[in-house]
file protein-v5.txt (compact mmCIF, C-alpha atoms and all ligand atoms)
# COMPACT_ATOMS: atom_id res chain seq x y z
CA MET A 1 93.10 124.22 102.48
CA LYS A 2 94.56 122.64 105.60
CA VAL A 3 94.30 118.87 105.93
CA LEU A 4 94.85 116.69 109.00
CA ILE A 5 95.53 112.96 108.61
CA VAL A 6 95.00 110.74 111.66
CA GLY A 7 97.19 107.63 111.96
CA SER A 8 100.79 106.50 111.72
CA GLY A 9 101.22 103.65 109.22
CA GLY A 10 101.90 102.96 105.57
CA ARG A 11 98.26 103.71 104.72
CA GLU A 12 98.60 107.19 106.22
CA HIS A 13 101.93 107.74 104.45
CA ALA A 14 100.26 106.84 101.13
CA LEU A 15 97.39 109.24 101.93
CA ALA A 16 99.84 112.01 102.88
CA TRP A 17 101.85 111.52 99.67
CA LYS A 18 98.70 111.57 97.50
CA ILE A 19 97.13 114.54 99.30
CA ALA A 20 100.45 116.40 98.96
CA GLN A 21 100.11 116.14 95.14
CA SER A 22 96.92 118.19 95.29
CA PRO A 23 97.07 121.89 94.46
CA LEU A 24 94.18 122.28 96.92
CA ALA A 25 96.22 121.18 99.94
CA ASP A 26 98.28 124.13 101.17
CA LYS A 27 99.30 122.57 104.45
CA ILE A 28 99.15 118.97 105.68
CA PHE A 29 99.40 117.75 109.27
CA CYS A 30 99.50 114.18 110.50
CA ALA A 31 98.88 112.91 114.03
CA PRO A 32 100.92 111.13 115.18
CA GLY A 33 102.55 110.25 111.80
CA ASN A 34 105.94 108.60 111.32
CA ALA A 35 109.39 109.42 109.97
CA GLY A 36 108.36 108.93 106.31
CA ILE A 37 105.17 110.97 106.61
CA ARG A 38 107.29 113.90 107.86
CA ARG A 39 108.38 114.49 104.27
CA HIS A 40 104.86 115.51 103.25
CA ALA A 41 103.25 116.65 106.47
CA GLU A 42 103.98 118.31 109.76
CA CYS A 43 103.59 115.62 112.42
CA ALA A 44 101.85 116.39 115.72
CA ASP A 45 102.51 114.15 118.67
CA ILE A 46 98.90 113.19 119.42
CA GLU A 47 97.83 109.55 119.60
CA ASP A 48 94.93 108.44 117.40
CA SER A 49 93.02 107.43 120.56
CA ASP A 50 93.14 110.97 121.98
CA LEU A 51 89.94 112.30 120.39
CA ARG A 52 89.90 115.41 122.59
CA GLY A 53 93.52 116.25 121.75
CA LEU A 54 92.89 115.71 118.04
CA ARG A 55 89.79 117.93 118.02
CA LYS A 56 91.56 120.68 119.90
CA PHE A 57 94.41 120.49 117.39
CA ALA A 58 91.97 120.70 114.46
CA LEU A 59 90.17 123.69 115.98
CA ASP A 60 93.37 125.52 116.95
CA ASN A 61 94.90 125.00 113.50
CA LYS A 62 91.69 125.73 111.59
CA ILE A 63 91.79 122.39 109.78
CA ASP A 64 89.45 122.30 106.76
CA LEU A 65 89.40 118.53 106.30
CA THR A 66 90.41 115.65 108.57
CA VAL A 67 91.00 112.19 107.07
CA VAL A 68 91.02 109.22 109.46
CA GLY A 69 93.19 106.18 108.67
CA PRO A 70 92.60 103.53 111.37
CA GLU A 71 89.37 101.90 112.56
CA ALA A 72 89.77 102.45 116.32
CA PRO A 73 89.08 106.22 116.36
CA LEU A 74 86.21 105.74 113.88
CA CYS A 75 84.59 103.09 116.07
CA ALA A 76 85.19 105.36 119.08
CA GLY A 77 83.14 108.11 117.39
CA ILE A 78 85.76 110.60 116.16
CA VAL A 79 83.53 111.67 113.25
CA ASP A 80 80.55 112.57 115.47
CA PHE A 81 82.91 114.28 117.93
CA PHE A 82 84.48 116.49 115.24
CA LYS A 83 81.15 117.23 113.54
CA ALA A 84 79.67 118.40 116.85
CA ARG A 85 82.09 121.33 116.60
CA GLY A 86 81.49 121.97 112.91
CA LEU A 87 84.70 120.31 111.70
CA LYS A 88 84.70 118.50 108.36
CA ILE A 89 85.93 114.95 108.65
CA PHE A 90 86.15 112.02 106.24
CA GLY A 91 84.86 108.71 107.61
CA PRO A 92 81.72 107.01 108.92
CA SER A 93 79.90 108.02 112.11
CA GLN A 94 80.21 105.76 115.13
CA ALA A 95 76.82 104.20 114.32
CA ALA A 96 77.97 103.41 110.77
CA ALA A 97 81.45 102.22 111.81
CA ARG A 98 79.70 99.40 113.65
CA LEU A 99 79.94 97.59 110.34
CA GLU A 100 83.58 96.93 111.29
CA GLY A 101 83.26 97.29 115.08
CA SER A 102 80.85 94.38 115.48
CA LYS A 103 81.11 91.35 113.23
CA ILE A 104 77.75 90.16 114.59
CA PHE A 105 76.11 93.45 113.60
CA ALA A 106 77.62 93.12 110.12
CA LYS A 107 76.51 89.49 109.69
CA ASN A 108 72.95 90.25 110.83
CA LEU A 109 72.79 93.18 108.42
CA MET A 110 73.93 90.95 105.56
CA ARG A 111 71.44 88.25 106.47
CA GLN A 112 68.54 90.71 106.67
CA HIS A 113 69.42 92.41 103.41
CA ASN A 114 70.36 89.36 101.34
CA ILE A 115 74.01 90.27 100.96
CA PRO A 116 75.97 87.08 100.20
CA THR A 117 78.01 85.83 103.16
CA ALA A 118 78.86 82.53 104.87
CA ASP A 119 76.12 80.99 107.02
CA PHE A 120 76.63 81.68 110.74
CA ARG A 121 75.38 81.43 114.33
CA THR A 122 76.20 83.69 117.29
CA PHE A 123 76.96 82.61 120.87
CA ASP A 124 77.78 84.03 124.27
CA SER A 125 77.86 80.64 126.01
CA ALA A 126 80.91 78.42 125.52
CA ASP A 127 78.91 75.24 126.16
CA ARG A 128 76.34 76.09 123.52
CA ALA A 129 79.04 77.09 121.04
CA LYS A 130 80.84 73.77 121.57
CA ALA A 131 77.62 71.75 121.25
CA TYR A 132 76.97 73.51 117.94
CA ILE A 133 80.51 72.77 116.74
CA ASP A 134 80.05 69.07 117.57
CA MET A 135 76.77 69.06 115.69
CA VAL A 136 77.97 70.68 112.45
CA GLY A 137 81.62 69.52 112.39
CA ALA A 138 84.75 71.18 110.97
CA PRO A 139 86.08 73.10 109.09
CA LEU A 140 84.65 76.21 110.73
CA VAL A 141 85.67 79.78 111.41
CA VAL A 142 85.30 81.10 114.96
CA LYS A 143 85.36 84.89 115.30
CA ALA A 144 85.33 87.29 118.23
CA ASP A 145 82.63 89.92 117.73
CA GLY A 146 84.60 93.12 118.28
CA LEU A 147 87.75 94.88 117.11
CA ALA A 148 90.90 92.80 117.56
CA ALA A 149 93.42 94.25 115.10
CA GLY A 150 92.49 91.71 112.42
CA LYS A 151 93.32 88.75 114.70
CA ALA A 152 89.77 87.85 115.72
CA ALA A 153 89.08 85.23 113.02
CA LEU A 154 90.28 81.71 113.84
CA VAL A 155 90.04 79.26 110.96
CA CYS A 156 89.63 75.79 112.51
CA HIS A 157 90.32 72.60 110.58
CA ASP A 158 88.96 70.21 113.21
CA THR A 159 86.47 70.39 116.07
CA GLN A 160 89.24 70.28 118.69
CA GLN A 161 90.72 73.49 117.27
CA ALA A 162 87.25 75.04 117.20
CA HIS A 163 86.70 74.17 120.89
CA GLU A 164 90.08 75.76 121.69
CA ALA A 165 89.09 78.88 119.75
CA VAL A 166 85.90 79.15 121.80
CA ASN A 167 87.96 78.81 125.00
CA ARG A 168 90.40 81.51 123.88
CA ILE A 169 87.62 83.95 123.06
CA LEU A 170 84.90 83.34 125.67
CA ILE A 171 86.74 81.77 128.61
CA GLU A 172 90.35 82.97 128.57
CA GLY A 173 89.31 86.41 127.34
CA GLU A 174 92.23 86.71 124.91
CA PHE A 175 90.44 89.46 122.98
CA GLY A 176 89.08 91.32 126.02
CA GLU A 177 85.63 92.81 125.58
CA ALA A 178 85.79 92.20 121.83
CA GLY A 179 85.32 88.54 122.78
CA ASN A 180 82.18 88.84 124.93
CA ARG A 181 80.30 87.25 122.05
CA LEU A 182 81.45 85.17 119.16
CA LEU A 183 80.21 83.90 115.88
CA ILE A 184 80.81 80.59 114.22
CA GLU A 185 80.62 80.53 110.46
CA GLN A 186 80.92 78.16 107.59
CA CYS A 187 84.43 77.98 106.14
CA LEU A 188 84.60 79.25 102.56
CA SER A 189 87.25 78.55 99.98
CA GLY A 190 88.49 80.55 97.04
CA GLU A 191 90.65 83.60 96.48
CA GLU A 192 90.36 86.71 98.65
CA VAL A 193 89.94 90.18 97.21
CA SER A 194 89.34 93.61 98.74
CA MET A 195 86.78 95.91 97.15
CA LEU A 196 86.80 99.51 98.31
CA ALA A 197 84.43 102.30 97.42
CA LEU A 198 84.21 105.94 98.36
CA THR A 199 80.70 106.97 99.27
CA ASP A 200 78.73 109.99 100.42
CA GLY A 201 75.86 107.76 101.51
CA ARG A 202 74.04 107.95 98.16
CA CYS A 203 76.59 107.74 95.42
CA ILE A 204 79.68 105.54 95.17
CA ALA A 205 83.05 105.68 93.41
CA MET A 206 84.52 102.19 93.10
CA MET A 207 88.22 101.51 93.38
CA PRO A 208 89.93 98.74 91.41
CA PRO A 209 89.88 95.29 93.06
CA CYS A 210 92.85 94.85 95.31
CA GLN A 211 94.56 91.79 96.76
CA ASP A 212 96.25 91.67 100.15
CA HIS A 213 98.63 88.88 101.33
CA LYS A 214 97.93 88.16 104.98
CA PRO A 215 100.05 85.04 105.73
CA VAL A 216 103.65 85.87 106.55
CA PHE A 217 105.42 83.41 104.23
CA ASP A 218 105.47 82.69 100.49
CA GLY A 219 102.71 80.44 99.20
CA ASP A 220 100.30 81.78 101.87
CA ARG A 221 101.99 79.82 104.63
CA GLY A 222 102.58 80.76 108.27
CA PRO A 223 100.59 82.94 110.67
CA ASN A 224 98.48 85.88 109.53
CA THR A 225 99.92 89.40 109.61
CA GLY A 226 98.45 92.84 109.04
CA GLY A 227 99.32 92.29 105.35
CA MET A 228 102.66 91.52 103.65
CA GLY A 229 101.89 93.15 100.33
CA ALA A 230 99.10 94.16 97.98
CA TYR A 231 98.41 94.95 94.36
CA CYS A 232 95.71 96.36 92.13
CA PRO A 233 93.85 95.82 89.91
CA ALA A 234 93.44 92.18 90.96
CA PRO A 235 92.46 90.07 87.92
CA VAL A 236 90.64 87.51 90.11
CA LEU A 237 87.52 89.65 89.58
CA THR A 238 86.56 89.90 85.92
CA SER A 239 84.91 93.19 84.99
CA GLU A 240 81.57 91.39 84.81
CA TRP A 241 81.99 90.14 88.39
CA GLU A 242 83.20 93.54 89.46
CA LYS A 243 79.88 95.01 88.31
CA MET A 244 78.03 92.31 90.19
CA VAL A 245 79.95 93.04 93.40
CA GLU A 246 79.26 96.74 92.96
CA ARG A 247 75.52 96.13 92.54
CA GLU A 248 74.84 93.25 94.89
CA ILE A 249 77.32 93.95 97.65
CA ILE A 250 78.54 97.54 97.78
CA ILE A 251 75.34 99.36 96.75
CA GLN A 252 73.21 96.89 98.74
CA THR A 253 75.29 97.58 101.84
CA ILE A 254 74.96 101.35 101.48
CA HIS A 255 71.17 100.94 101.02
CA ALA A 256 70.97 98.59 103.99
CA MET A 257 72.80 101.10 106.19
CA ASN A 258 70.42 103.86 105.09
CA ARG A 259 67.46 101.66 105.93
CA GLU A 260 68.96 100.95 109.35
CA GLU A 261 69.25 104.73 109.82
CA ARG A 262 73.02 104.51 110.00
CA PRO A 263 73.91 106.37 106.80
CA TYR A 264 77.40 105.37 105.71
CA ARG A 265 79.92 107.93 104.48
CA GLY A 266 83.63 107.60 103.88
CA VAL A 267 85.25 104.52 102.44
CA LEU A 268 83.54 101.15 102.57
CA TYR A 269 85.86 98.16 102.34
CA ALA A 270 84.38 94.74 101.66
CA GLY A 271 86.73 91.78 102.10
CA LEU A 272 85.46 89.07 99.76
CA MET A 273 86.05 85.38 99.16
CA VAL A 274 85.71 84.68 95.46
CA GLY A 275 84.70 81.07 94.80
CA GLU A 276 83.82 79.17 91.64
CA ASP A 277 80.46 80.78 91.10
CA GLU A 278 79.93 83.35 93.81
CA ALA A 279 81.59 86.04 95.86
CA ASP A 280 80.82 86.27 99.59
CA VAL A 281 81.58 89.00 102.11
CA LEU A 282 84.07 87.85 104.77
CA GLU A 283 84.16 91.17 106.57
CA TYR A 284 83.64 94.88 106.25
CA ASN A 285 86.15 97.53 107.18
CA CYS A 286 85.15 101.14 107.68
CA ARG A 287 88.41 102.64 106.34
CA PHE A 288 91.11 102.31 103.70
CA GLY A 289 93.08 99.05 103.83
CA ASP A 290 96.69 98.82 104.83
CA PRO A 291 98.68 97.87 102.74
CA GLU A 292 95.96 98.15 100.04
CA MET A 293 96.03 101.96 100.16
CA GLN A 294 99.66 101.98 99.09
CA PRO A 295 99.15 100.56 95.56
CA LEU A 296 95.73 102.27 95.36
CA ALA A 297 97.25 105.69 96.01
CA MET A 298 99.79 105.14 93.21
CA GLN A 299 97.13 103.80 90.83
CA LEU A 300 94.76 106.74 91.43
CA LYS A 301 95.15 109.33 88.68
CA SER A 302 92.63 111.88 89.98
CA ASP A 303 93.34 114.41 92.69
CA ILE A 304 92.21 112.70 95.90
CA VAL A 305 91.24 115.86 97.79
CA PRO A 306 88.06 116.73 95.80
CA LEU A 307 87.00 113.07 96.16
CA LEU A 308 87.45 113.04 99.93
CA SER A 309 85.74 116.44 100.27
CA ALA A 310 82.82 115.35 98.09
CA ALA A 311 82.30 112.22 100.18
CA VAL A 312 82.06 114.46 103.25
CA GLU A 313 79.83 117.06 101.63
CA GLY A 314 77.46 114.69 99.83
CA ASN A 315 78.25 115.61 96.24
CA LEU A 316 80.31 112.67 95.09
CA ALA A 317 78.12 112.40 91.98
CA ASP A 318 79.77 115.59 90.69
CA VAL A 319 83.36 114.33 90.88
CA GLU A 320 85.08 112.01 88.38
CA ILE A 321 87.42 109.29 89.60
CA GLU A 322 90.17 108.25 87.18
CA TRP A 323 92.76 105.48 87.44
CA HIS A 324 96.05 104.96 85.66
CA ASP A 325 96.36 102.11 83.17
CA GLY A 326 98.61 99.23 84.16
CA ALA A 327 99.09 98.08 87.73
CA SER A 328 100.58 98.98 91.11
CA LEU A 329 102.15 96.60 93.59
CA CYS A 330 103.47 96.95 97.14
CA VAL A 331 105.90 94.65 98.96
CA ILE A 332 106.08 94.98 102.74
CA MET A 333 109.50 94.71 104.35
CA ALA A 334 109.06 93.56 107.95
CA SER A 335 111.20 93.24 111.07
CA GLY A 336 112.77 89.86 111.87
CA GLY A 337 110.30 87.80 113.92
CA TYR A 338 107.16 89.70 112.83
CA PRO A 339 104.23 88.89 113.31
CA GLY A 340 105.67 87.44 116.55
CA LYS A 341 108.15 89.27 118.76
CA TYR A 342 110.58 91.49 116.91
CA GLU A 343 113.35 93.93 117.62
CA LYS A 344 113.27 97.63 116.80
CA GLU A 345 115.87 100.33 116.17
CA MET A 346 117.66 98.57 113.30
CA PRO A 347 119.39 101.01 110.92
CA ILE A 348 117.86 101.10 107.42
CA SER A 349 120.11 101.59 104.38
CA GLY A 350 119.53 101.95 100.64
CA LEU A 351 116.58 104.37 100.75
CA GLU A 352 118.50 107.13 98.90
CA GLU A 353 119.24 104.79 96.05
CA VAL A 354 115.60 103.80 95.67
CA GLU A 355 114.66 107.45 95.74
CA LYS A 356 116.37 107.83 92.35
CA MET A 357 114.16 105.15 90.77
CA GLU A 358 111.20 106.31 88.70
CA ASP A 359 107.70 105.06 89.49
CA VAL A 360 108.78 103.62 92.84
CA LEU A 361 107.75 104.97 96.24
CA VAL A 362 108.69 103.71 99.66
CA PHE A 363 105.88 104.24 102.14
CA HIS A 364 106.91 104.01 105.78
CA SER A 365 104.88 101.85 108.18
CA GLY A 366 107.12 101.70 111.21
CA THR A 367 110.20 103.93 111.11
CA ARG A 368 111.74 106.59 113.27
CA MET A 369 114.49 109.13 112.67
CA GLU A 370 117.69 108.94 114.69
CA GLY A 371 119.92 111.85 113.79
CA ASP A 372 119.89 111.86 109.99
CA SER A 373 119.14 108.14 109.62
CA TYR A 374 116.01 106.07 109.51
CA ILE A 375 115.68 103.20 111.99
CA THR A 376 113.00 100.51 112.30
CA ASP A 377 110.16 101.15 114.74
CA GLY A 378 107.49 98.53 114.09
CA GLY A 379 106.66 95.05 112.78
CA ARG A 380 105.83 96.22 109.30
CA VAL A 381 108.57 98.69 108.41
CA LEU A 382 108.32 99.77 104.76
CA GLY A 383 105.89 99.37 101.86
CA VAL A 384 107.96 99.36 98.68
CA THR A 385 105.48 100.29 95.96
CA ALA A 386 105.83 100.47 92.18
CA ARG A 387 103.56 101.35 89.27
CA ALA A 388 104.09 100.07 85.71
CA GLY A 389 102.34 99.20 82.46
CA SER A 390 101.58 95.65 83.62
CA MET A 391 101.48 93.63 86.84
CA GLU A 392 104.56 91.66 85.74
CA GLU A 393 106.56 94.88 85.31
CA ALA A 394 105.24 96.47 88.51
CA LYS A 395 106.31 93.34 90.39
CA LYS A 396 109.81 93.34 88.86
CA LEU A 397 110.25 97.03 89.60
CA ALA A 398 109.08 96.74 93.22
CA TYR A 399 111.41 93.79 93.89
CA ARG A 400 114.32 95.57 92.21
CA ALA A 401 113.80 98.35 94.76
CA VAL A 402 113.37 95.93 97.68
CA GLU A 403 116.75 94.38 96.89
CA LYS A 404 118.45 97.74 97.36
CA ILE A 405 117.04 98.26 100.88
CA HIS A 406 118.61 96.59 103.92
CA PHE A 407 118.15 96.35 107.67
CA PRO A 408 119.23 93.57 110.03
CA GLY A 409 116.58 90.82 110.21
CA ALA A 410 114.50 92.25 107.32
CA HIS A 411 112.12 89.79 105.71
CA TYR A 412 109.53 89.96 102.97
CA ARG A 413 107.48 87.68 100.77
CA THR A 414 108.97 87.05 97.35
CA ASP A 415 105.66 86.11 95.70
CA ILE A 416 103.53 89.27 95.99
CA GLY A 417 101.49 89.50 92.80
CA SER A 418 102.17 85.90 91.71
CA LYS A 419 98.49 84.96 91.70
CA ALA A 420 97.81 87.85 89.32
CA THR A 421 100.73 87.20 86.98
CA PHE A 422 99.87 83.49 86.90
CA ARG A 423 96.29 84.28 85.83
CA GLN A 424 97.50 86.70 83.18
CA ARG A 425 99.87 84.21 81.58
P1 LIG B 501 88.14 88.64 108.88
O1 LIG B 501 88.80 89.37 110.02
O2 LIG B 501 86.73 88.28 109.12
O3 LIG B 501 88.38 89.23 107.54
O4 LIG B 501 88.99 87.30 108.75
C1 LIG B 501 90.39 87.32 108.60
C2 LIG B 501 90.81 86.22 107.66
O5 LIG B 501 90.28 84.96 108.08
C3 LIG B 501 90.27 86.41 106.26
O6 LIG B 501 91.09 87.26 105.51
C4 LIG B 501 90.26 84.99 105.74
O7 LIG B 501 91.56 84.61 105.32
C5 LIG B 501 89.89 84.19 106.94
N1 LIG B 501 88.43 83.97 106.99
C6 LIG B 501 87.51 84.74 107.60
N2 LIG B 501 86.26 84.24 107.44
C7 LIG B 501 86.40 83.13 106.71
C8 LIG B 501 85.48 82.15 106.19
N3 LIG B 501 84.17 82.22 106.44
N4 LIG B 501 85.97 81.14 105.46
C9 LIG B 501 87.31 81.03 105.24
N5 LIG B 501 88.22 81.91 105.68
C10 LIG B 501 87.79 82.95 106.42
N1 LIG B 502 94.75 94.80 104.69
C1 LIG B 502 93.70 94.45 105.53
C2 LIG B 502 93.14 95.55 106.31
O1 LIG B 502 93.49 96.71 106.12
O2 LIG B 502 92.31 95.29 107.14

call {"tool": "encode", "arguments": {"input": "protein-v5.txt", "output": "structure tokens"}}
result
Amino acid sequence: MKVLIVGSGGREHALAWKIAQSPLADKIFCAPGNAGIRRHAECADIEDSDLRGLRKFALDNKIDLTVVGPEAPLCAGIVDFFKARGLKIFGPSQAAARLEGSKIFAKNLMRQHNIPTADFRTFDSADRAKAYIDMVGAPLVVKADGLAAGKAALVCHDTQQAHEAVNRILIEGEFGEAGNRLLIEQCLSGEEVSMLALTDGRCIAMMPPCQDHKPVFDGDRGPNTGGMGAYCPAPVLTSEWEKMVEREIIIQTIHAMNREERPYRGVLYAGLMVGEDEADVLEYNCRFGDPEMQPLAMQLKSDIVPLLSAAVEGNLADVEIEWHDGASLCVIMASGGYPGKYEKEMPISGLEEVEKMEDVLVFHSGTRMEGDSYITDGGRVLGVTARAGSMEEAKKLAYRAVEKIHFPGAHYRTDIGSKATFRQR
């Protein structure tokens, strides 16, 4: 069959690599893709926001299955748009993608359906929001309602910061329309974990718990990024807790969406805060995580294509999902200055050497080809990913590979996986 992947980051590279392993995939396209994805797929120069262009491409090339990476096209209704012309596409409808597209929608759904989450209030008036802040006091989290590339949550340690957050969202309009409304929620503490599940709207296939590393520097310091590394399975969730999350959060959410007449299909991602005696939902995403998909793709033993197809066709109950033993871990190498301003077009060296290593893959997030060489083309540049018999070994192997790769200004966290290896000691 012919498969089209929509997107251009490390997540899409991991999907392209995994789909390319499948005997069912005869031909893979990616739009727009990147220099690394080119090794597994033919890249088409169509932006992920160009729904018309993407659909025309899928029709012209007789694509059998489209897999969407990023949230923006899903929230813009790419699934409905493709289905209207009889095209098969993996992901939630626009109505279901609202789970990520509106944080207020998601919080109300959780409140109505008893899904554990931090207490919250919603506001569209800055004065009212500030009066509420003064009443309840800090710490608090102030969040813009809509999509803001993961930057819409402002954790505030005092009321002054919380007032400033309200100004940024409602008055200065820093997040555009995404900030027409905001929510203020109780600040939770604990360890974060990402739980992802494939679903056809009735049945689910859970993925191992995964842990992202959002702050840019070691020890979770510095500003938040799109993610500096990830690993799975994350030992912060014991198998008993994992079952509880599956039952009380994932299945409950799928039921709730059915009851709201927004049946959810595709991959459901719940970002959780795991505290002493409970796990709460921080957010939902309507897609695979990035970088989470990079270790998940390596850890997945089963062919991914029958799983994706079954989620689209509604027969996920008939397909087994199997995972490798051991662990997978991904270290992001980023451009100097990221997540602030950074320079592009730095030459990358050492990739050929890493290519010779077993059980290591380098997924490209932001690269471009110049002549025969790879150059940097984004904030996050590479996801150096390794799989091994244990987390400790996967971590060593990934960092051994990272040390072989160079580009001017490159930086990365040196403690990806430390929380897991510490727990396992
Ligand atoms: P979100 O976009 O809602 O996932 O938030 C982004 C990040 O903000 C999360 O990964 C957390 O680190 C932090 N965060 C969000 N909500 C809360 C909360 N209620 N309590 C503490 N931290 C939070
Ligand atoms: N890694 C966080 C996300 O994909 O949203």

call {"tool": "residues_near_ligand", "arguments": {"input": "protein-v5.txt", "ligand": "ligand LIG 501 (chain B)", "cutoff": "8 Å", "atoms": "only C-alpha atoms and all ligand atoms", "output": "number ranges by chain"}}
result
A: 103, 117-118, 140-141, 143, 150-155, 185-189, 192, 214, 224, 271, 273, 282-284

call {"tool": "closest_atom_pairs", "arguments": {"input": "protein-v5.txt", "of": "chain A", "to": "ligand LIG 502 (chain B)", "cutoff": "10 Å", "atoms": "all atoms listed in the file", "output": "Markdown table"}}
result
| residue | atom | partner | partner_atom | distance |
| --- | --- | --- | --- | --- |
| A:Arg11 | CA | B:LIG502 | O1 | 8.6 |
| A:Gly69 | CA | B:LIG502 | O1 | 9.8 |
| A:Pro70 | CA | B:LIG502 | O1 | 8.7 |
| A:Glu71 | CA | B:LIG502 | O2 | 9.0 |
| A:Glu100 | CA | B:LIG502 | O2 | 9.8 |
| A:Ala149 | CA | B:LIG502 | O2 | 8.1 |
| A:Gly150 | CA | B:LIG502 | O2 | 6.4 |
| A:Ser194 | CA | B:LIG502 | C1 | 8.1 |
| A:Cys210 | CA | B:LIG502 | N1 | 9.6 |
| A:Gln211 | CA | B:LIG502 | N1 | 8.5 |
| A:Asp212 | CA | B:LIG502 | N1 | 5.7 |
| A:His213 | CA | B:LIG502 | N1 | 7.8 |
| A:Lys214 | CA | B:LIG502 | N1 | 7.4 |
| A:Thr225 | CA | B:LIG502 | N1 | 8.9 |
| A:Gly226 | CA | B:LIG502 | N1 | 6.0 |
| A:Gly227 | CA | B:LIG502 | N1 | 5.3 |
| A:Met228 | CA | B:LIG502 | N1 | 8.6 |
| A:Gly229 | CA | B:LIG502 | N1 | 8.5 |
| A:Ala230 | CA | B:LIG502 | N1 | 8.0 |
| A:Tyr269 | CA | B:LIG502 | O2 | 8.5 |
| A:Ala270 | CA | B:LIG502 | O2 | 9.7 |
| A:Gly271 | CA | B:LIG502 | C1 | 8.2 |
| A:Glu283 | CA | B:LIG502 | O2 | 9.1 |
| A:Tyr284 | CA | B:LIG502 | O2 | 8.7 |
| A:Asn285 | CA | B:LIG502 | O2 | 6.6 |
| A:Cys286 | CA | B:LIG502 | O2 | 9.3 |
| A:Arg287 | CA | B:LIG502 | O1 | 7.8 |
| A:Phe288 | CA | B:LIG502 | O1 | 6.5 |
| A:Gly289 | CA | B:LIG502 | O1 | 3.3 |
| A:Asp290 | CA | B:LIG502 | O1 | 4.0 |
| A:Pro291 | CA | B:LIG502 | N1 | 5.4 |
| A:Glu292 | CA | B:LIG502 | N1 | 5.9 |
| A:Met293 | CA | B:LIG502 | O1 | 8.3 |

call {"tool": "residues_near_point", "arguments": {"input": "protein-v5.txt", "point": "(82.8, 89.8, 85.5)", "cutoff": "12 Å", "atoms": "only C-alpha atoms", "output": "JSON, numbers by chain"}}
result
{"A": [209, 235, 236, 237, 238, 239, 240, 241, 242, 243, 244, 245, 246, 247, 274, 277, 278, 279]}

call {"tool": "atom_distance", "arguments": {"input": "protein-v5.txt", "atom1": "CA of Gly222 in chain A", "atom2": "CA of Pro339 in chain A"}}
result
9.7 Å

call {"tool": "atom_distance", "arguments": {"input": "protein-v5.txt", "atom1": "CA of Ile46 in chain A", "atom2": "CA of Gln294 in chain A"}}
result
23.2 Å

call {"tool": "closest_residue", "arguments": {"input": "protein-v5.txt", "among": "A:His411, A:Arg262, A:His157, A:Lys404", "to": "Arg98 in chain A", "atoms": "all atoms listed in the file"}}
result
A:Arg262

call {"tool": "residues_around", "arguments": {"input": "protein-v5.txt", "residues": "Ile332 in chain A", "least_positions_apart": "6", "cutoff": "7 Å", "atoms": "only C-alpha atoms", "output": "list in words"}}
result
Met228, Gly229, Arg380, Leu382, Gly383, Val384 and Tyr412 of chain A

call {"tool": "closest_residue", "arguments": {"input": "protein-v5.txt", "among": "A:Gly340, A:Gly33, A:Gly190, A:Pro347", "to": "Ile375 in chain A", "atoms": "only C-alpha atoms"}}
result
A:Pro347

call {"tool": "residues_around", "arguments": {"input": "protein-v5.txt", "residues": "range 130-133 of chain A", "least_positions_apart": "4", "cutoff": "7 Å", "atoms": "only C-alpha atoms", "output": "VMD selection string"}}
result
chain A and resid 126 137 159 163

call {"tool": "residues_around", "arguments": {"input": "protein-v5.txt", "residues": "Ile5 in chain A", "least_positions_apart": "2", "cutoff": "10 Å", "atoms": "only C-alpha atoms", "output": "PyMOL selection string"}}
result
chain A and resi 3+7-8+12-13+15-16+19+28-33+41+43+48+65-69+89-90

call {"tool": "atom_distance", "arguments": {"input": "protein-v5.txt", "atom1": "CA of Gly53 in chain A", "atom2": "CA of Ala148 in chain A"}}
result
24.0 Å

call {"tool": "closest_residue", "arguments": {"input": "protein-v5.txt", "among": "A:Asp325, A:Glu260, A:Glu370, A:Glu352", "to": "Leu109 in chain A", "atoms": "all atoms listed in the file"}}
result
A:Glu260

call {"tool": "residues_around", "arguments": {"input": "protein-v5.txt", "residues": "range 354-356 of chain A", "least_positions_apart": "6", "cutoff": "8 Å", "atoms": "all atoms listed in the file", "output": "ChimeraX atom specification"}}
result
/A:362,401,404-405

call {"tool": "residues_around", "arguments": {"input": "protein-v5.txt", "residues": "Ser335 in chain A", "least_positions_apart": "5", "cutoff": "7 Å", "atoms": "only C-alpha atoms", "output": "NGL selection string"}}
result
:A and (342-343 or 379-381 or 409-411)

call {"tool": "closest_atom_pairs", "arguments": {"input": "protein-v5.txt", "of": "range 269-349 of chain A", "to": "range 201-205 of chain A", "cutoff": "7 Å", "atoms": "only C-alpha atoms", "output": "Markdown table"}}
result
| residue | atom | partner | partner_atom | distance |
| --- | --- | --- | --- | --- |
| A:Leu316 | CA | A:Cys203 | CA | 6.2 |
| A:Ala317 | CA | A:Cys203 | CA | 6.0 |
| A:Ile321 | CA | A:Ala205 | CA | 6.8 |

call {"tool": "axis_aligned_box", "arguments": {"input": "protein-v5.txt", "around": "range 157-176 of chain A", "padding_each_side": "4 Å", "output": "JSON"}}
result
{"center_x": 88.6, "center_y": 80.8, "center_z": 119.6, "size_x": 15.3, "size_y": 29.1, "size_z": 26.0}

call {"tool": "closest_residue", "arguments": {"input": "protein-v5.txt", "among": "A:Ala138, A:Ile304, A:Ile104, A:Val281", "to": "Pro116 in chain A", "atoms": "all atoms listed in the file"}}
result
A:Val281

call {"tool": "closest_residue", "arguments": {"input": "protein-v5.txt", "among": "A:Ser309, A:Ser349, A:Asn315, A:Ser390", "to": "Thr376 in chain A", "atoms": "all atoms listed in the file"}}
result
A:Ser349
